[in-house]
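Quick look at query16.pdb (PDB, C-alpha atoms, pLDDT in the B column):
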MODEL        1
ATOM      1  CA  MET A  25     -54.625 -24.424  26.240  1.00 51.00           C
ATOM      2  CA  ARG A  26     -53.837 -20.832  25.157  1.00 48.00           C
ATOM      3  CA  LEU A  27     -51.198 -20.473  27.831  1.00 43.00           C
ATOM      4  CA  ARG A  28     -49.456 -23.612  26.607  1.00 46.00           C
ATOM      5  CA  SER A  29     -49.394 -22.489  22.937  1.00 46.00           C
ATOM      6  CA  ALA A  30     -48.207 -19.003  23.943  1.00 42.00           C
ATOM      7  CA  PHE A  31     -45.414 -20.552  25.988  1.00 42.00           C
ATOM      8  CA  THR A  32     -44.479 -22.832  23.079  1.00 40.00           C
ATOM      9  CA  ALA A  33     -44.389 -19.862  20.693  1.00 44.00           C
ATOM     10  CA  VAL A  34     -42.171 -17.827  23.024  1.00 42.00           C
ATOM     11  CA  LEU A  35     -39.866 -20.802  23.599  1.00 40.00           C
ATOM     12  CA  GLY A  36     -39.601 -21.443  19.839  1.00 48.00           C
ATOM     13  CA  ALA A  37     -38.824 -17.785  19.121  1.00 43.00           C
ATOM     14  CA  GLY A  38     -36.145 -17.792  21.815  1.00 46.00           C
ATOM     15  CA  LEU A  39     -34.498 -20.882  20.354  1.00 39.00           C
ATOM     16  CA  LEU A  40     -34.582 -19.360  16.882  1.00 37.00           C
ATOM     17  CA  VAL A  41     -32.870 -16.173  18.066  1.00 38.00           C
ATOM     18  CA  ALA A  42     -30.211 -18.213  19.873  1.00 39.00           C
ATOM     19  CA  ALA A  43     -29.555 -20.316  16.744  1.00 40.00           C
ATOM     20  CA  VAL A  44     -28.993 -17.369  14.385  1.00 38.00           C
ATOM     21  CA  PRO A  45     -25.247 -16.735  14.147  1.00 40.00           C
ATOM     22  CA  SER A  46     -24.024 -13.262  14.878  1.00 39.00           C
ATOM     23  CA  SER A  47     -22.124 -11.386  12.197  1.00 45.00           C
ATOM     24  CA  ALA A  48     -18.340 -11.236  12.436  1.00 56.00           C
ATOM     25  CA  SER A  49     -16.891  -8.054  13.802  1.00 74.00           C
ATOM     26  CA  ALA A  50     -15.523  -5.893  11.027  1.00 88.00           C
ATOM     27  CA  ALA A  51     -14.620  -2.301  10.410  1.00 92.00           C
ATOM     28  CA  SER A  52     -16.926  -0.638   7.894  1.00 96.00           C
ATOM     29  CA  GLY A  53     -15.269   1.456   5.236  1.00 96.00           C
ATOM     30  CA  GLN A  54     -11.950   1.474   3.444  1.00 97.00           C
ATOM     31  CA  PHE A  55      -8.329   1.578   4.589  1.00 97.00           C
ATOM     32  CA  ARG A  56      -5.937   2.941   1.931  1.00 97.00           C
ATOM     33  CA  TYR A  57      -2.173   3.271   1.606  1.00 97.00           C
ATOM     34  CA  ASP A  58       0.314   4.132  -1.122  1.00 97.00           C
ATOM     35  CA  TYR A  59       3.400   2.181  -2.125  1.00 97.00           C
ATOM     36  CA  VAL A  60       5.949   1.687  -4.866  1.00 96.00           C
ATOM     37  CA  THR A  61       5.734  -1.669  -6.637  1.00 95.00           C
ATOM     38  CA  VAL A  62       8.732  -3.953  -7.102  1.00 94.00           C
ATOM     39  CA  GLU A  63       8.786  -2.708 -10.713  1.00 94.00           C
ATOM     40  CA  GLY A  64       9.014   0.914  -9.505  1.00 95.00           C
ATOM     41  CA  TYR A  65       5.433   2.072 -10.194  1.00 96.00           C
ATOM     42  CA  GLU A  66       3.330   4.158  -7.782  1.00 97.00           C
ATOM     43  CA  ALA A  67       0.311   2.210  -6.560  1.00 97.00           C
ATOM     44  CA  THR A  68      -2.505   2.471  -4.041  1.00 97.00           C
ATOM     45  CA  GLY A  69      -3.538  -0.490  -1.925  1.00 97.00           C
ATOM     46  CA  PHE A  70      -6.785  -0.784  -0.025  1.00 96.00           C
ATOM     47  CA  LEU A  71      -8.752  -3.010   2.325  1.00 97.00           C
ATOM     48  CA  ASN A  72     -12.556  -2.866   2.167  1.00 97.00           C
ATOM     49  CA  ASP A  73     -14.479  -3.591   5.388  1.00 97.00           C
ATOM     50  CA  PRO A  74     -11.455  -5.236   7.050  1.00 97.00           C
ATOM     51  CA  PRO A  75     -11.968  -7.689   9.922  1.00 97.00           C
ATOM     52  CA  SER A  76     -11.393  -6.503  13.479  1.00 95.00           C
ATOM     53  CA  ASP A  77      -8.931  -7.994  15.965  1.00 95.00           C
ATOM     54  CA  LEU A  78      -6.899  -9.678  13.213  1.00 97.00           C
ATOM     55  CA  CYS A  79      -3.430  -8.611  12.101  1.00 97.00           C
ATOM     56  CA  LEU A  80      -3.401  -7.967   8.358  1.00 97.00           C
ATOM     57  CA  ASN A  81      -0.210  -7.823   6.304  1.00 97.00           C
ATOM     58  CA  LEU A  82      -0.766  -5.220   3.612  1.00 97.00           C
ATOM     59  CA  PRO A  83      -0.810  -6.551   0.042  1.00 96.00           C
ATOM     60  CA  GLY A  84       1.992  -5.243  -2.166  1.00 96.00           C
ATOM     61  CA  VAL A  85       4.409  -4.400   0.654  1.00 95.00           C
ATOM     62  CA  GLY A  86       5.247  -7.861   1.909  1.00 83.00           C
ATOM     63  CA  GLU A  87       8.490  -9.799   1.902  1.00 79.00           C
ATOM     64  CA  GLU A  88       8.740  -9.596  -1.903  1.00 83.00           C
ATOM     65  CA  ASN A  89       8.878  -5.787  -1.776  1.00 92.00           C
ATOM     66  CA  PRO A  90      11.737  -4.133   0.140  1.00 92.00           C
ATOM     67  CA  GLU A  91       9.835  -0.808   0.219  1.00 94.00           C
ATOM     68  CA  PRO A  92       7.098  -0.385   2.856  1.00 96.00           C
ATOM     69  CA  GLY A  93       3.797   1.325   2.197  1.00 97.00           C
ATOM     70  CA  HIS A  94       3.242   4.924   3.264  1.00 96.00           C
ATOM     71  CA  SER A  95       0.544   7.575   3.718  1.00 96.00           C
ATOM     72  CA  PRO A  96      -2.104   5.333   5.330  1.00 96.00           C
ATOM     73  CA  LYS A  97      -5.674   6.668   5.368  1.00 96.00           C
ATOM     74  CA  ASN A  98      -8.167   5.178   7.800  1.00 96.00           C
ATOM     75  CA  ARG A  99     -11.592   5.715   6.276  1.00 96.00           C
ATOM     76  CA  THR A 100     -13.198   2.993   8.379  1.00 96.00           C
ATOM     77  CA  ASP A 101     -15.367   3.398  11.468  1.00 96.00           C
ATOM     78  CA  ALA A 102     -12.763   1.677  13.709  1.00 96.00           C
ATOM     79  CA  TRP A 103      -9.400   2.647  15.179  1.00 96.00           C
ATOM     80  CA  ALA A 104      -6.481   1.292  13.136  1.00 96.00           C
ATOM     81  CA  THR A 105      -3.027   0.564  14.495  1.00 97.00           C
ATOM     82  CA  VAL A 106      -0.434   0.506  11.715  1.00 97.00           C
ATOM     83  CA  TYR A 107       2.939  -1.208  12.119  1.00 97.00           C
ATOM     84  CA  THR A 108       6.275  -0.664  10.412  1.00 96.00           C
ATOM     85  CA  GLY A 109       6.865  -4.420  10.176  1.00 96.00           C
ATOM     86  CA  PRO A 110       4.875  -7.407   8.971  1.00 95.00           C
ATOM     87  CA  ASN A 111       2.739  -9.449  11.386  1.00 96.00           C
ATOM     88  CA  CYS A 112       1.987  -6.340  13.484  1.00 97.00           C
ATOM     89  CA  GLU A 113       5.563  -6.032  14.681  1.00 97.00           C
ATOM     90  CA  GLY A 114       7.841  -3.020  14.896  1.00 97.00           C
ATOM     91  CA  ASP A 115       6.908   0.552  15.682  1.00 97.00           C
ATOM     92  CA  SER A 116       3.194   1.333  15.711  1.00 96.00           C
ATOM     93  CA  PHE A 117       0.953   4.349  15.248  1.00 95.00           C
ATOM     94  CA  ARG A 118      -2.792   4.679  15.926  1.00 95.00           C
ATOM     95  CA  LEU A 119      -5.081   6.215  13.297  1.00 95.00           C
ATOM     96  CA  ARG A 120      -8.482   7.576  14.268  1.00 94.00           C
ATOM     97  CA  PRO A 121     -11.599   6.350  12.497  1.00 95.00           C
ATOM     98  CA  LEU A 122     -12.746   8.278   9.427  1.00 91.00           C
ATOM     99  CA  THR A 123      -9.631  10.439   9.126  1.00 81.00           C
ATOM    100  CA  GLY A 124      -7.373  11.457   6.299  1.00 73.00           C
ATOM    101  CA  GLY A 125      -4.536   9.518   7.885  1.00 78.00           C
ATOM    102  CA  GLY A 126      -0.788   9.712   8.111  1.00 80.00           C
ATOM    103  CA  SER A 127       1.888  11.459   6.112  1.00 86.00           C
ATOM    104  CA  GLU A 128       4.205  10.021   3.496  1.00 90.00           C
ATOM    105  CA  ARG A 129       6.826   9.633   6.220  1.00 92.00           C
ATOM    106  CA  LEU A 130       4.614   7.114   8.070  1.00 94.00           C
ATOM    107  CA  LYS A 131       5.796   3.706   6.779  1.00 95.00           C
ATOM    108  CA  VAL A 132       3.503   0.672   7.080  1.00 96.00           C
ATOM    109  CA  ARG A 133       3.524  -3.061   6.403  1.00 97.00           C
ATOM    110  CA  SER A 134       0.651  -4.327   8.565  1.00 97.00           C
ATOM    111  CA  VAL A 135      -2.481  -3.087  10.347  1.00 97.00           C
ATOM    112  CA  LEU A 136      -4.838  -4.107  13.137  1.00 98.00           C
ATOM    113  CA  PHE A 137      -8.389  -2.723  13.563  1.00 97.00           C
ATOM    114  CA  ASP A 138     -10.039  -2.400  17.005  1.00 92.00           C
TER     115      ASP A 138
ENDMDL
END
Same coordinates, now as structure tokens:
Amino acid sequence: MRLRSAFTAVLGAGLLVAAVPSSASAASGQFRYDYVTVEGYEATGFLNDPPSDLCLNLPGVGEENPEPGHSPKNRTDAWATVYTGPNCEGDSFRLRPLTGGGSERLKVRSVLFD
């Protein structure tokens, strides 16, 4: 009788672990960049805990703004690949995790985290 209830308990625990969904993969931390708004004001954009393996077009530097962002700073725990064009197209540059980031000359419109 004890063997059967022990087996049932182990089987139930195994099913419970299998049923719990795993958390989505995301970079922890903040990705920052600077840009000039359509109105001509300096601004800083940021992404908090961005998802991994998903191309992200950076807010504020999309099709409505002819000026790209610049000076990206990868303060997440994941590698970031920044792109000069939207939809992760154009020239790219890799930024290490938890670094100060790129210079003002590095222009960005989209990013992908590994």
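When CA of Pro90 in chain A is paired with CA of Phe117 in chain A, their separation reads 20.4 Å.
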Next item on the list: Identify which of the residues A:Gln54, A:Thr108, A:Thr68, A:Asn89 lies closest to Pro121 in chain A, counting only C-alpha atoms when measuring atom-to-atom distances.
Entry: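 Closest to Pro121 in chain A of all the choices is A:Gln54.
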Note to self: as an MDAnalysis selection string, please: the residues near Thr123 in chain A (cut-off 8 Å, only C-alpha atoms, same-chain neighbours under 4 positions excluded).
What the structure shows: chainID A and resid 97:99 119
Note to self: Report as a list in words all protein, DNA and RNA residues lying within 12 Å of Glu63 in chain A, evaluated on only C-alpha atoms, omitting residues in the same chain fewer than 3 positions from it.
What the structure shows: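 Counting only the stated atoms, we get Tyr59, Val60, Glu66, Ala67, Gly84, Glu88, Asn89, Pro90 and Glu91 of chain A.
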Next item on the list: Determine, counting all atoms listed in the file, which protein, DNA and RNA residues have an atom within 9 Å of an atom of Pro74 in chain A; residues of the same chain fewer than 3 positions away are not included. Present the result as a ChimeraX atom specification.
Entry: /A:50-55,71,78,80,100,137
Next item on the list: For CA of Val62 in chain A and CA of Gly124 in chain A, quote the distance in Å rounded to one decimal.
Entry: 26.0 Å
Next item on the list: Please write the residues picked by the PyMOL selection byres ((chain A and resi 111) around 10) on this file as a VMD selection string.
Entry: chain A and resid 78 to 82 86 107 to 110 112 to 114 133 to 136
Produce a file of the selected residues containing C-alpha atoms, as a PDB file, in the frame of the given file.
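Output file again_17.pdb is given in full below:
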ATOM      1  CA  LEU A  78      -6.899  -9.678  13.213  1.00 97.00           C
ATOM      2  CA  CYS A  79      -3.430  -8.611  12.101  1.00 97.00           C
ATOM      3  CA  LEU A  80      -3.401  -7.967   8.358  1.00 97.00           C
ATOM      4  CA  ASN A  81      -0.210  -7.823   6.304  1.00 97.00           C
ATOM      5  CA  LEU A  82      -0.766  -5.220   3.612  1.00 97.00           C
ATOM      6  CA  GLY A  86       5.247  -7.861   1.909  1.00 83.00           C
ATOM      7  CA  TYR A 107       2.939  -1.208  12.119  1.00 97.00           C
ATOM      8  CA  THR A 108       6.275  -0.664  10.412  1.00 96.00           C
ATOM      9  CA  GLY A 109       6.865  -4.420  10.176  1.00 96.00           C
ATOM     10  CA  PRO A 110       4.875  -7.407   8.971  1.00 95.00           C
ATOM     11  CA  CYS A 112       1.987  -6.340  13.484  1.00 97.00           C
ATOM     12  CA  GLU A 113       5.563  -6.032  14.681  1.00 97.00           C
ATOM     13  CA  GLY A 114       7.841  -3.020  14.896  1.00 97.00           C
ATOM     14  CA  ARG A 133       3.524  -3.061   6.403  1.00 97.00           C
ATOM     15  CA  SER A 134       0.651  -4.327   8.565  1.00 97.00           C
ATOM     16  CA  VAL A 135      -2.481  -3.087  10.347  1.00 97.00           C
ATOM     17  CA  LEU A 136      -4.838  -4.107  13.137  1.00 98.00           C
TER      18      LEU A 136
END
